[in-house]
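Source file structure12.cif; content: mmCIF, C-alpha atoms.
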```cif
data_coords
loop_
_atom_site.label_atom_id
_atom_site.label_comp_id
_atom_site.auth_asym_id
_atom_site.auth_seq_id
_atom_site.Cartn_x
_atom_site.Cartn_y
_atom_site.Cartn_z
CA MET A 227 -173.71 75.18 -37.31
CA LYS A 228 -174.54 73.38 -34.08
CA GLN A 229 -174.17 75.44 -30.92
CA HIS A 230 -172.27 73.30 -28.46
CA LYS A 231 -173.29 72.97 -24.85
CA ILE A 232 -170.86 73.15 -21.92
CA ILE A 233 -171.71 72.51 -18.30
CA ALA A 234 -169.46 74.55 -16.00
CA ILE A 235 -169.01 73.50 -12.37
CA ILE A 236 -168.42 76.23 -9.77
CA GLY A 237 -168.64 76.18 -6.01
CA ALA A 238 -165.87 78.16 -4.30
CA ARG A 239 -164.86 81.83 -4.23
CA PRO A 240 -161.95 81.62 -6.74
CA GLN A 241 -164.16 79.79 -9.21
CA PHE A 242 -166.73 82.58 -9.30
CA ILE A 243 -163.93 84.98 -10.28
CA LYS A 244 -162.72 82.65 -13.04
CA HIS A 245 -166.20 81.88 -14.31
CA PHE A 246 -167.27 85.49 -14.86
CA PRO A 247 -164.94 86.21 -17.84
CA MET A 248 -165.62 82.73 -19.20
CA GLU A 249 -169.33 83.45 -19.14
CA LYS A 250 -168.70 86.61 -21.16
CA ALA A 251 -166.45 84.83 -23.65
CA CYS A 252 -169.09 82.15 -24.32
CA GLN A 253 -171.89 84.59 -25.10
CA GLY A 254 -173.32 84.03 -28.58
CA GLY A 255 -171.08 81.09 -29.37
CA VAL A 256 -171.54 78.43 -26.71
CA GLU A 257 -174.54 77.39 -24.62
CA LEU A 258 -173.15 77.57 -21.10
CA ILE A 259 -175.00 75.79 -18.29
CA THR A 260 -173.76 76.60 -14.78
CA ILE A 261 -173.95 74.30 -11.76
CA HIS A 262 -173.18 75.94 -8.41
CA THR A 263 -172.44 73.10 -6.00
CA GLY A 264 -172.94 75.19 -2.87
CA GLN A 265 -169.44 74.35 -1.59
CA HIS A 266 -169.08 77.93 -0.35
CA TYR A 267 -172.42 78.86 1.09
CA ASP A 268 -171.46 81.92 3.18
CA GLU A 269 -173.12 85.10 1.84
CA ASN A 270 -169.85 87.00 1.34
CA MET A 271 -168.11 83.97 -0.13
CA SER A 272 -170.72 83.15 -2.75
CA LYS A 273 -173.93 85.11 -3.45
CA VAL A 274 -172.17 88.46 -3.45
CA PHE A 275 -170.22 87.50 -6.57
CA PHE A 276 -173.41 87.12 -8.55
CA ASP A 277 -174.81 90.39 -7.18
CA GLN A 278 -171.64 92.45 -7.53
CA LEU A 279 -170.31 91.16 -10.84
CA GLY A 280 -173.68 90.86 -12.49
CA MET A 281 -173.13 87.17 -13.23
CA ARG A 282 -176.06 85.12 -14.44
CA LYS A 283 -177.73 83.19 -11.69
CA PRO A 284 -176.66 79.52 -11.80
CA ASP A 285 -178.90 77.22 -13.78
CA TYR A 286 -178.60 74.73 -10.91
CA LEU A 287 -177.88 75.54 -7.27
CA LEU A 288 -177.07 72.51 -5.13
CA ALA A 289 -177.05 72.34 -1.34
CA THR A 290 -173.92 70.25 -0.86
CA GLY A 291 -171.79 72.54 1.33
CA GLY A 292 -170.38 71.30 4.63
CA GLY A 293 -169.34 67.84 5.75
CA ASN A 294 -166.05 65.98 5.42
CA HIS A 295 -164.28 65.83 2.06
CA GLY A 296 -165.62 62.41 1.08
CA GLU A 297 -169.17 63.20 2.13
CA GLN A 298 -169.16 66.56 0.38
CA THR A 299 -167.64 65.22 -2.85
CA GLY A 300 -169.99 62.24 -2.91
CA LYS A 301 -173.10 64.40 -2.50
CA MET A 302 -171.90 66.67 -5.31
CA MET A 303 -171.28 63.73 -7.63
CA MET A 304 -174.78 62.36 -7.15
CA GLU A 305 -176.40 65.68 -8.01
CA ILE A 306 -174.03 66.54 -10.86
CA GLU A 307 -174.55 63.13 -12.48
CA ARG A 308 -178.32 63.61 -12.48
CA ILE A 309 -177.99 66.99 -14.19
CA ILE A 310 -175.44 65.84 -16.78
CA LEU A 311 -177.62 62.89 -17.78
CA GLU A 312 -180.52 65.29 -18.24
CA GLU A 313 -178.64 68.08 -20.05
CA LYS A 314 -176.37 65.88 -22.25
CA PRO A 315 -173.55 68.44 -22.64
CA ASP A 316 -170.74 68.25 -25.20
CA ALA A 317 -168.19 68.95 -22.45
CA VAL A 318 -167.88 69.62 -18.74
CA MET A 319 -165.68 72.52 -17.65
CA VAL A 320 -164.08 72.59 -14.21
CA TYR A 321 -161.88 75.20 -12.56
CA GLY A 322 -158.93 74.86 -10.23
CA ASP A 323 -158.63 72.33 -7.44
CA THR A 324 -161.64 72.19 -5.12
CA ASN A 325 -163.92 69.29 -4.22
CA SER A 326 -166.37 70.74 -6.75
CA THR A 327 -163.66 70.43 -9.42
CA LEU A 328 -162.98 66.78 -8.71
CA ALA A 329 -166.64 65.86 -8.36
CA GLY A 330 -167.51 67.35 -11.75
CA ALA A 331 -164.50 65.82 -13.48
CA LEU A 332 -165.10 62.32 -12.08
CA VAL A 333 -168.76 62.27 -13.07
CA ALA A 334 -168.03 63.51 -16.59
CA ALA A 335 -165.16 61.08 -17.12
CA LYS A 336 -167.27 58.10 -16.03
CA LEU A 337 -170.02 59.19 -18.43
CA GLN A 338 -167.48 59.49 -21.27
CA ILE A 339 -168.00 63.25 -21.59
CA PRO A 340 -164.85 65.34 -22.31
CA VAL A 341 -163.49 67.32 -19.37
CA ALA A 342 -161.95 70.76 -19.89
CA HIS A 343 -159.77 71.64 -16.89
CA ILE A 344 -159.03 75.33 -16.49
CA GLU A 345 -155.95 76.11 -14.37
CA SER A 346 -154.41 72.75 -15.13
CA GLY A 347 -150.88 71.62 -14.33
CA LEU A 348 -150.35 73.39 -11.02
CA ARG A 349 -148.39 71.43 -8.45
CA SER A 350 -147.40 72.19 -4.87
CA TYR A 351 -146.03 68.62 -4.47
CA ASN A 352 -147.63 68.55 -1.04
CA ARG A 353 -150.01 65.60 -0.95
CA GLU A 354 -151.22 66.66 2.50
CA MET A 355 -153.23 69.37 0.75
CA PRO A 356 -156.64 68.13 -0.43
CA GLU A 357 -156.31 70.61 -3.29
CA GLU A 358 -153.20 68.82 -4.58
CA ILE A 359 -155.05 65.51 -4.76
CA ASN A 360 -157.97 67.18 -6.53
CA ARG A 361 -155.85 68.88 -9.19
CA VAL A 362 -153.68 65.85 -9.95
CA LEU A 363 -156.63 63.49 -10.37
CA THR A 364 -158.55 66.03 -12.45
CA ASP A 365 -155.61 66.55 -14.81
CA HIS A 366 -155.27 62.83 -15.43
CA ILE A 367 -158.90 62.41 -16.50
CA SER A 368 -159.23 65.60 -18.57
CA ARG A 369 -159.20 65.73 -22.36
CA TRP A 370 -158.34 69.42 -22.62
CA LEU A 371 -155.94 70.97 -20.12
CA PHE A 372 -155.65 74.76 -20.07
CA THR A 373 -152.56 75.89 -18.14
CA PRO A 374 -151.77 79.35 -16.71
CA GLY A 375 -148.06 79.24 -17.60
CA ALA A 376 -145.07 77.34 -18.94
CA GLN A 377 -144.17 75.75 -15.59
CA ALA A 378 -147.57 74.06 -15.46
CA VAL A 379 -146.95 72.59 -18.92
CA GLU A 380 -143.65 71.15 -17.68
CA ASN A 381 -145.34 69.71 -14.59
CA LEU A 382 -147.80 67.84 -16.81
CA LYS A 383 -145.02 66.53 -19.05
CA LYS A 384 -143.32 65.03 -15.99
CA GLU A 385 -146.50 63.02 -15.40
CA GLY A 386 -146.73 61.88 -19.02
CA ILE A 387 -149.50 64.30 -20.00
CA LYS A 388 -148.64 65.92 -23.34
CA ASN A 389 -151.75 65.72 -25.51
CA GLY A 390 -154.54 68.27 -25.23
CA VAL A 391 -152.40 70.72 -23.25
CA PHE A 392 -152.76 74.44 -24.07
CA ASP A 393 -150.83 77.24 -22.36
CA ILE A 394 -153.39 80.03 -22.48
CA GLY A 395 -152.58 82.09 -19.37
CA ASP A 396 -154.64 82.58 -16.23
CA VAL A 397 -158.36 83.22 -16.63
CA MET A 398 -158.37 85.08 -13.31
CA LYS A 399 -156.12 87.69 -14.89
CA ASP A 400 -158.83 88.43 -17.45
CA LEU A 401 -161.04 89.89 -14.75
CA VAL A 402 -158.31 91.43 -12.57
CA LYS A 403 -156.83 93.24 -15.59
CA TYR A 404 -160.24 94.66 -16.43
CA VAL A 405 -160.87 95.78 -12.86
CA ILE A 406 -157.45 97.45 -12.61
CA GLU A 407 -157.84 99.27 -15.95
CA LYS A 408 -161.30 100.54 -14.99
CA SER A 409 -160.28 101.31 -11.36
CA MET A 410 -163.31 99.36 -10.19
CA PHE A 411 -161.81 98.23 -6.89
CA VAL A 412 -163.06 100.00 -3.77
CA LYS A 413 -160.66 102.01 -1.59
CA PRO A 414 -161.06 100.99 2.06
CA GLU A 415 -161.90 103.70 4.58
CA ILE A 416 -158.72 103.31 6.60
CA GLU A 417 -156.37 106.02 7.80
CA GLY A 418 -152.67 105.44 7.28
CA THR A 419 -150.82 102.37 6.11
CA TYR A 420 -151.77 98.81 6.91
CA VAL A 421 -151.04 95.12 6.29
CA TYR A 422 -153.89 93.05 4.85
CA VAL A 423 -154.32 89.47 6.09
CA THR A 424 -156.45 86.49 5.05
CA LEU A 425 -155.88 82.96 6.38
CA HIS A 426 -158.11 79.92 6.09
CA ARG A 427 -156.14 76.74 5.34
CA PRO A 428 -156.44 73.88 7.85
CA TYR A 429 -152.75 73.79 8.75
CA ASN A 430 -152.96 77.43 9.84
CA VAL A 431 -156.35 77.66 11.54
CA ASP A 432 -157.50 74.18 12.59
CA THR A 433 -155.42 73.91 15.77
CA LYS A 434 -155.51 76.35 18.67
CA ASP A 435 -151.74 76.56 19.17
CA ARG A 436 -151.08 77.42 15.53
CA LEU A 437 -153.85 79.99 15.28
CA VAL A 438 -152.81 81.68 18.53
CA GLN A 439 -149.18 81.73 17.37
CA ILE A 440 -150.19 83.47 14.14
CA LEU A 441 -152.34 86.04 15.93
CA GLU A 442 -149.59 86.80 18.44
CA GLN A 443 -147.01 87.35 15.71
CA LEU A 444 -149.36 89.60 13.74
CA ASN A 445 -150.12 91.59 16.88
CA GLN A 446 -146.37 92.18 17.43
CA LEU A 447 -145.55 93.45 13.94
CA GLY A 448 -145.85 97.10 14.92
CA LYS A 449 -148.20 97.74 11.97
CA LYS A 450 -151.93 98.19 11.66
CA ILE A 451 -153.27 94.77 10.69
CA ILE A 452 -156.56 94.35 8.82
CA PHE A 453 -157.57 90.69 9.09
CA ALA A 454 -160.49 89.55 6.92
CA ILE A 455 -161.79 86.54 8.82
CA HIS A 456 -162.77 83.54 6.72
CA PRO A 457 -165.81 81.65 8.13
CA ARG A 458 -163.60 78.65 8.87
CA THR A 459 -161.15 80.80 10.84
CA ARG A 460 -163.88 82.52 12.82
CA THR A 461 -165.60 79.23 13.65
CA ASN A 462 -162.36 77.72 14.92
CA ALA A 463 -161.46 80.81 16.97
CA THR A 464 -164.83 80.60 18.70
CA LYS A 465 -164.41 76.87 19.28
CA PHE A 466 -160.95 77.40 20.79
CA GLY A 467 -162.17 80.22 23.08
CA ILE A 468 -159.91 82.79 21.42
CA ASP A 469 -160.86 86.38 22.29
CA PHE A 470 -160.03 88.80 19.46
CA LEU A 471 -159.87 91.63 22.03
CA ASP A 472 -156.59 90.11 23.21
CA TYR A 473 -155.00 91.32 19.95
CA PRO A 474 -155.53 95.11 19.95
CA LYS A 475 -153.23 95.75 16.96
CA ILE A 476 -155.45 93.64 14.71
CA VAL A 477 -158.68 94.93 13.19
CA PHE A 478 -160.91 91.94 12.39
CA ILE A 479 -163.37 92.38 9.53
CA GLU A 480 -165.77 90.13 7.63
CA PRO A 481 -164.78 88.42 4.34
CA GLN A 482 -164.79 91.11 1.70
CA PRO A 483 -166.79 91.24 -1.54
CA TYR A 484 -164.65 90.98 -4.66
CA PHE A 485 -164.04 94.64 -5.51
CA GLN A 486 -163.52 95.56 -1.85
CA ASN A 487 -161.06 92.69 -1.42
CA LEU A 488 -159.01 93.90 -4.40
CA GLY A 489 -159.09 97.39 -2.91
CA TYR A 490 -157.70 96.14 0.39
CA ILE A 491 -154.85 94.44 -1.51
CA TYR A 492 -154.16 97.41 -3.78
CA TYR A 493 -153.87 99.96 -0.98
CA ALA A 494 -152.00 97.69 1.47
CA ASP A 495 -148.29 97.86 2.15
CA VAL A 496 -148.11 94.05 2.21
CA LEU A 497 -150.49 91.13 1.83
CA ILE A 498 -150.19 88.16 4.22
CA THR A 499 -152.22 85.18 3.05
CA ASP A 500 -152.41 81.43 2.49
CA SER A 501 -154.74 81.85 -0.50
CA GLY A 502 -153.59 80.78 -3.94
CA GLY A 503 -155.54 83.32 -5.95
CA MET A 504 -154.60 86.29 -3.80
CA GLN A 505 -150.90 85.64 -4.35
CA LYS A 506 -151.51 86.33 -8.03
CA GLU A 507 -153.78 89.30 -7.41
CA ALA A 508 -151.10 90.89 -5.23
CA TYR A 509 -148.51 90.33 -7.97
CA TRP A 510 -150.68 91.85 -10.70
CA MET A 511 -151.31 94.84 -8.43
CA LYS A 512 -147.57 95.11 -7.70
CA ARG A 513 -147.91 94.50 -3.98
CA GLN A 514 -145.49 92.41 -1.92
CA CYS A 515 -146.98 89.17 -0.62
CA ILE A 516 -146.05 86.90 2.27
CA THR A 517 -147.56 83.44 1.91
CA VAL A 518 -147.96 81.47 5.13
CA ARG A 519 -147.31 78.09 3.55
CA LYS A 520 -144.41 75.72 2.96
CA GLU A 521 -144.91 75.84 -0.80
CA THR A 522 -146.82 77.55 -3.57
CA GLU A 523 -148.20 76.38 -6.90
CA TRP A 524 -147.53 79.87 -8.23
CA THR A 525 -143.74 79.57 -8.17
CA GLU A 526 -143.23 82.35 -10.71
CA THR A 527 -144.45 84.91 -8.16
CA LEU A 528 -141.42 84.15 -5.95
CA LYS A 529 -139.03 85.92 -8.34
CA ASP A 530 -137.26 88.93 -6.78
CA GLY A 531 -139.08 88.25 -3.51
CA ALA A 532 -142.40 89.57 -4.82
CA ASN A 533 -143.88 86.64 -2.89
CA VAL A 534 -142.13 85.05 0.10
CA LEU A 535 -142.93 81.73 1.77
CA ILE A 536 -142.97 81.53 5.57
CA PHE A 537 -144.34 78.71 7.65
CA GLU A 538 -142.33 77.24 10.53
CA ASP A 539 -140.66 80.41 11.86
CA LEU A 540 -143.31 83.11 11.97
CA THR A 541 -140.91 85.51 13.68
CA LYS A 542 -139.54 86.19 10.19
CA LEU A 543 -142.72 87.98 9.22
CA LYS A 544 -141.40 91.38 10.24
CA GLU A 545 -138.16 91.21 8.26
CA CYS A 546 -140.00 89.96 5.19
CA MET A 547 -142.12 93.11 5.13
CA THR A 548 -139.09 95.27 4.35
CA PRO A 549 -139.62 96.92 0.92
CA ARG A 550 -137.38 95.49 -1.81
CA PRO A 551 -136.75 96.25 -5.48
CA ILE A 552 -138.89 94.01 -7.68
CA GLN A 553 -138.95 93.68 -11.46
CA TRP A 554 -142.66 93.12 -12.02
CA ASP A 555 -143.53 91.06 -15.10
CA ASP A 556 -146.69 92.51 -16.66
CA GLN A 557 -147.04 89.41 -18.84
CA LEU A 558 -147.01 86.96 -15.94
CA TYR A 559 -149.74 84.35 -16.53
CA GLY A 560 -150.86 85.78 -19.84
CA GLU A 561 -152.23 88.95 -21.35
CA GLY A 562 -155.73 88.90 -19.88
CA ASN A 563 -157.49 87.22 -22.82
CA SER A 564 -157.37 83.60 -21.68
CA CYS A 565 -161.12 82.90 -21.76
CA GLU A 566 -161.43 84.04 -25.36
CA ARG A 567 -158.54 81.76 -26.29
CA ILE A 568 -160.19 78.78 -24.55
CA VAL A 569 -163.48 79.27 -26.42
CA ASN A 570 -161.61 79.53 -29.74
CA ILE A 571 -159.59 76.37 -29.05
CA LEU A 572 -162.69 74.37 -28.13
CA ALA A 573 -164.46 75.58 -31.26
CA GLN A 574 -161.52 74.41 -33.39
CA LYS A 575 -161.49 71.01 -31.70
CA TRP A 576 -165.21 70.53 -32.28
CA ASP A 577 -164.86 71.60 -35.93
CA GLN A 578 -162.22 68.92 -36.41
CA GLN A 579 -164.46 66.13 -35.10
#
```

Would you encode the structure as structure tokens?
Amino acid sequence: MKQHKIIAIIGARPQFIKHFPMEKACQGGVELITIHTGQHYDENMSKVFFDQLGMRKPDYLLATGGGNHGEQTGKMMMEIERIILEEKPDAVMVYGDTNSTLAGALVAAKLQIPVAHIESGLRSYNREMPEEINRVLTDHISRWLFTPGAQAVENLKKEGIKNGVFDIGDVMKDLVKYVIEKSMFVKPEIEGTYVYVTLHRPYNVDTKDRLVQILEQLNQLGKKIIFAIHPRTRTNATKFGIDFLDYPKIVFIEPQPYFQNLGYIYYADVLITDSGGMQKEAYWMKRQCITVRKETEWTETLKDGANVLIFEDLTKLKECMTPRPIQWDDQLYGEGNSCERIVNILAQKWDQQ
């Protein structure tokens, strides 16, 4: 029987997490070629995942990080096209909603190579987010769409996408479940309770007034704040002349490697973030989350106030940190075997051809 070849496109922190269990699921059955676009080129945002998780080094490492969205996506497409023409894969697999996702999907679609989109069907319905544009376009040019939950399936139906849709759960849960069961996350060396914070989205950190407003509100919460500074956030703070010493209640730390990051979430009282993936990680670890956004793609996490949205009125942060009874759903976004299900589905589709 022919061993099929898949090219997987990765480039940003959440994609490394999703790719690791997929890499394991493909072993022995599928030839998996990995292209790392270089979209996240900071040491703690990229290389550490390969070192800490023991992932295979990428077959291709591109230097396309930085630049505006169009420039970055265009550079990726040029390099990805060259590799696809050389490798001649049976499918191209993309994850999530980054520029790397869209670049890989566009190149494959134009070359008439099937696209498998993992984490398909998510919608924030906020077209101001580049990620929303990326995920919508990718869904509409994919042959196989693997969704993390029933709501994503419904979102696709609303857009007329019904064929090739498979509700398989969230591949990120595959790894998080394993880490939780094995207690592999690292406990931070912090005395007492704390609130863990990560913020990086443009609408929160790209203007001085907004970033200062956030820092001031965090500093006034009356709690120890551990703020893992994303490279984008640190760069902007420096550009704006913001002095972190003006916020003595906040402890600023570097972006955390994967297991350490999960540890900071697990042992925190509350997570404050604008990350998509960390909303889910907090839920699976049964930690309350406050998301500093107007909307979330992960609407199921909002049940019982497990995740709360705050954006305009940041003075509500303090009241939202009050503990509340939550009925945690252990089956939210699958059972932790999504990657295995994807490989089996693709094998069935190829057998039918």

Need the shell around stretch 324-331 of chain A: protein/DNA/RNA residues with any atom at most 8 Å away, counting all atoms listed in the file. Skip same-chain ones fewer than 5 positions apart. Format as a PDB file with C-alpha atoms, in the coordinates of the input?
```pdb
ATOM      1  CA  ILE A 235    -169.010  73.500 -12.370  1.00  0.00           C
ATOM      2  CA  ILE A 236    -168.420  76.230  -9.770  1.00  0.00           C
ATOM      3  CA  GLY A 237    -168.640  76.180  -6.010  1.00  0.00           C
ATOM      4  CA  ALA A 238    -165.870  78.160  -4.300  1.00  0.00           C
ATOM      5  CA  THR A 263    -172.440  73.100  -6.000  1.00  0.00           C
ATOM      6  CA  GLN A 265    -169.440  74.350  -1.590  1.00  0.00           C
ATOM      7  CA  HIS A 295    -164.280  65.830   2.060  1.00  0.00           C
ATOM      8  CA  GLN A 298    -169.160  66.560   0.380  1.00  0.00           C
ATOM      9  CA  THR A 299    -167.640  65.220  -2.850  1.00  0.00           C
ATOM     10  CA  GLY A 300    -169.990  62.240  -2.910  1.00  0.00           C
ATOM     11  CA  MET A 302    -171.900  66.670  -5.310  1.00  0.00           C
ATOM     12  CA  MET A 303    -171.280  63.730  -7.630  1.00  0.00           C
ATOM     13  CA  ILE A 306    -174.030  66.540 -10.860  1.00  0.00           C
ATOM     14  CA  VAL A 318    -167.880  69.620 -18.740  1.00  0.00           C
ATOM     15  CA  MET A 319    -165.680  72.520 -17.650  1.00  0.00           C
ATOM     16  CA  VAL A 341    -163.490  67.320 -19.370  1.00  0.00           C
ATOM     17  CA  PRO A 356    -156.640  68.130  -0.430  1.00  0.00           C
ATOM     18  CA  GLU A 357    -156.310  70.610  -3.290  1.00  0.00           C
ATOM     19  CA  ASN A 360    -157.970  67.180  -6.530  1.00  0.00           C
ATOM     20  CA  ARG A 361    -155.850  68.880  -9.190  1.00  0.00           C
ATOM     21  CA  LEU A 363    -156.630  63.490 -10.370  1.00  0.00           C
ATOM     22  CA  THR A 364    -158.550  66.030 -12.450  1.00  0.00           C
ATOM     23  CA  ILE A 367    -158.900  62.410 -16.500  1.00  0.00           C
ATOM     24  CA  SER A 368    -159.230  65.600 -18.570  1.00  0.00           C
TER      25      SER A 368
END
```

Which neighbours of A:Phe246 fall inside 8 Å, counting all atoms listed in the file, when residues of the same chain fewer than 5 positions from it are skipped, and could you give them as a list in words?
Leu279, Met281 and Leu401 of chain A

Next, the residues of the selection above should be written as a CSV table (one decimal), keeping the file's coordinate frame with C-alpha atoms.
```csv
chain,number,residue,atom,x,y,z
A,279,LEU,CA,-170.3,91.2,-10.8
A,281,MET,CA,-173.1,87.2,-13.2
A,401,LEU,CA,-161.0,89.9,-14.8
```

Record the distance separating atom CA of A:Ile259 and atom CA of A:Ala234, expressed in Å with one decimal.
6.1 Å

Spell out the residues picked by the PyMOL selection byres ((chain A and resi 530) around 7) here, as a list in words.
Leu528, Lys529, Gly531, Ala532, Ile552 and Gln553 of chain A

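Put simply, atom CA of A:Val423 is 18.6 Å away from atom CA of A:Asp435.
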
Would you kindly return, as a PyMOL selection string, each protein, DNA or RNA residue with an atom no farther than 9 Å from any atom of A:Ser564, considering only C-alpha atoms and excluding same-chain residues fewer than 6 positions away?
chain A and resi 247-248+374+394-400

Just C-alpha atoms for this one: save the residues we selected as a PDB file, keeping the file's coordinate frame.
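Wrote it out as selection-v4.pdb, contents follow:
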```pdb
ATOM      1  CA  PRO A 247    -164.940  86.210 -17.840  1.00  0.00           C
ATOM      2  CA  MET A 248    -165.620  82.730 -19.200  1.00  0.00           C
ATOM      3  CA  PRO A 374    -151.770  79.350 -16.710  1.00  0.00           C
ATOM      4  CA  ILE A 394    -153.390  80.030 -22.480  1.00  0.00           C
ATOM      5  CA  GLY A 395    -152.580  82.090 -19.370  1.00  0.00           C
ATOM      6  CA  ASP A 396    -154.640  82.580 -16.230  1.00  0.00           C
ATOM      7  CA  VAL A 397    -158.360  83.220 -16.630  1.00  0.00           C
ATOM      8  CA  MET A 398    -158.370  85.080 -13.310  1.00  0.00           C
ATOM      9  CA  LYS A 399    -156.120  87.690 -14.890  1.00  0.00           C
ATOM     10  CA  ASP A 400    -158.830  88.430 -17.450  1.00  0.00           C
TER      11      ASP A 400
END
```

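Excluding A:Thr525 itself and any same-chain residue fewer than 5 positions from it, the protein and nucleic acid residues within 10 Å of it, counting only C-alpha atoms, are Leu348, Arg349, Ser350, Gln377, Ala378 and Asn533 of chain A.
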
What residues come out when you apply the PyMOL selection byres ((chain A and resi 514) around 6) to this file, written as a PDB file with C-alpha atoms, in the frame of the given file?
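As a result, out.pdb now contains:
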```pdb
ATOM      1  CA  VAL A 496    -148.110  94.050   2.210  1.00  0.00           C
ATOM      2  CA  ARG A 513    -147.910  94.500  -3.980  1.00  0.00           C
ATOM      3  CA  CYS A 515    -146.980  89.170  -0.620  1.00  0.00           C
ATOM      4  CA  ALA A 532    -142.400  89.570  -4.820  1.00  0.00           C
TER       5      ALA A 532
END
```

Hey, what comes out of the PyMOL selection byres ((chain A and resi 249-256) around 8) on this file? Could you write it as number ranges by chain?
A: 229-232, 245-248, 257-258, 281, 565-566, 569

With C-alpha atoms retained, could you export that selection as an mmCIF file, keeping the file's coordinate frame?
```cif
data_model
loop_
_atom_site.group_PDB
_atom_site.id
_atom_site.type_symbol
_atom_site.label_atom_id
_atom_site.label_comp_id
_atom_site.auth_asym_id
_atom_site.auth_seq_id
_atom_site.Cartn_x
_atom_site.Cartn_y
_atom_site.Cartn_z
ATOM 1 C CA GLN A 229 -174.170 75.440 -30.920
ATOM 2 C CA HIS A 230 -172.270 73.300 -28.460
ATOM 3 C CA LYS A 231 -173.290 72.970 -24.850
ATOM 4 C CA ILE A 232 -170.860 73.150 -21.920
ATOM 5 C CA HIS A 245 -166.200 81.880 -14.310
ATOM 6 C CA PHE A 246 -167.270 85.490 -14.860
ATOM 7 C CA PRO A 247 -164.940 86.210 -17.840
ATOM 8 C CA MET A 248 -165.620 82.730 -19.200
ATOM 9 C CA GLU A 257 -174.540 77.390 -24.620
ATOM 10 C CA LEU A 258 -173.150 77.570 -21.100
ATOM 11 C CA MET A 281 -173.130 87.170 -13.230
ATOM 12 C CA CYS A 565 -161.120 82.900 -21.760
ATOM 13 C CA GLU A 566 -161.430 84.040 -25.360
ATOM 14 C CA VAL A 569 -163.480 79.270 -26.420
#
```

Counting all atoms listed in the file, which of A:Thr499, A:Thr373, A:Thr461, A:Thr290 gets nearest to A:Ile440?
A:Thr499

Check the smallest atom-to-atom distance from each of A:Pro340, A:Pro414, A:Gly347, A:Pro315 to A:Tyr490 using only C-alpha atoms, then report the winner.
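Of A:Pro340, A:Pro414, A:Gly347, A:Pro315, the one nearest A:Tyr490, counting only C-alpha atoms, is A:Pro414.
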
So, counting all atoms listed in the file, which residue among A:Phe537, A:His262, A:Val320, A:Ala508 is closest to A:Glu305?
A:His262

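Across the model, the gap from atom CA of A:Phe242 to atom CA of A:Val405 is 14.9 Å.
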
Pick from A:Lys301, A:Arg458, A:Ile233, A:Ile416: nearest to A:Pro284, with all atoms listed in the file counted?
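Of all the options, A:Ile233 lies closest to A:Pro284.
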
So, counting only C-alpha atoms, which residue among A:Gly386, A:Gly280, A:Gly562, A:Pro474 is closest to A:Lys449?
A:Pro474

Among the residues A:Glu407, A:Asp472, A:Glu561, A:Glu417, the one that comes closest to A:Lys450 [using all atoms listed in the file]
A:Glu417

Extending 3 Å beyond the listed atoms of stretch 359-367 of chain A on each side, what axis-aligned box results? I want centre and edge lengths in Å to one decimal, as AutoDock Vina command-line options.
```
--center_x -156.3 --center_y 65.6 --center_z -10.6 --size_x 11.2 --size_y 12.5 --size_z 17.7
```

Restore N, CA and C atoms in stretch 401-411 of chain A and list the result as an mmCIF file, in the frame of the given file.
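Dumped to result.cif:
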```cif
data_model
loop_
_atom_site.group_PDB
_atom_site.id
_atom_site.type_symbol
_atom_site.label_atom_id
_atom_site.label_comp_id
_atom_site.auth_asym_id
_atom_site.auth_seq_id
_atom_site.Cartn_x
_atom_site.Cartn_y
_atom_site.Cartn_z
ATOM 1 N N LEU A 401 -160.184 89.017 -15.541
ATOM 2 C CA LEU A 401 -161.040 89.890 -14.750
ATOM 3 C C LEU A 401 -160.225 90.924 -13.975
ATOM 4 N N VAL A 402 -159.123 90.499 -13.363
ATOM 5 C CA VAL A 402 -158.310 91.430 -12.570
ATOM 6 C C VAL A 402 -157.772 92.558 -13.455
ATOM 7 N N LYS A 403 -157.327 92.223 -14.661
ATOM 8 C CA LYS A 403 -156.830 93.240 -15.590
ATOM 9 C C LYS A 403 -157.925 94.260 -15.883
ATOM 10 N N TYR A 404 -159.117 93.772 -16.138
ATOM 11 C CA TYR A 404 -160.240 94.660 -16.430
ATOM 12 C C TYR A 404 -160.545 95.572 -15.249
ATOM 13 N N VAL A 405 -160.560 95.012 -14.065
ATOM 14 C CA VAL A 405 -160.870 95.780 -12.860
ATOM 15 C C VAL A 405 -159.805 96.852 -12.615
ATOM 16 N N ILE A 406 -158.529 96.492 -12.806
ATOM 17 C CA ILE A 406 -157.450 97.450 -12.610
ATOM 18 C C ILE A 406 -157.555 98.586 -13.628
ATOM 19 N N GLU A 407 -157.760 98.248 -14.891
ATOM 20 C CA GLU A 407 -157.840 99.270 -15.950
ATOM 21 C C GLU A 407 -159.005 100.228 -15.721
ATOM 22 N N LYS A 408 -160.105 99.714 -15.199
ATOM 23 C CA LYS A 408 -161.300 100.540 -14.990
ATOM 24 C C LYS A 408 -161.349 101.137 -13.579
ATOM 25 N N SER A 409 -160.322 100.837 -12.752
ATOM 26 C CA SER A 409 -160.280 101.310 -11.360
ATOM 27 C C SER A 409 -161.589 101.001 -10.629
ATOM 28 N N MET A 410 -162.032 99.774 -10.783
ATOM 29 C CA MET A 410 -163.310 99.360 -10.190
ATOM 30 C C MET A 410 -163.181 98.901 -8.741
ATOM 31 N N PHE A 411 -161.952 98.691 -8.267
ATOM 32 C CA PHE A 411 -161.810 98.230 -6.890
ATOM 33 C C PHE A 411 -162.139 99.381 -5.941
#
```
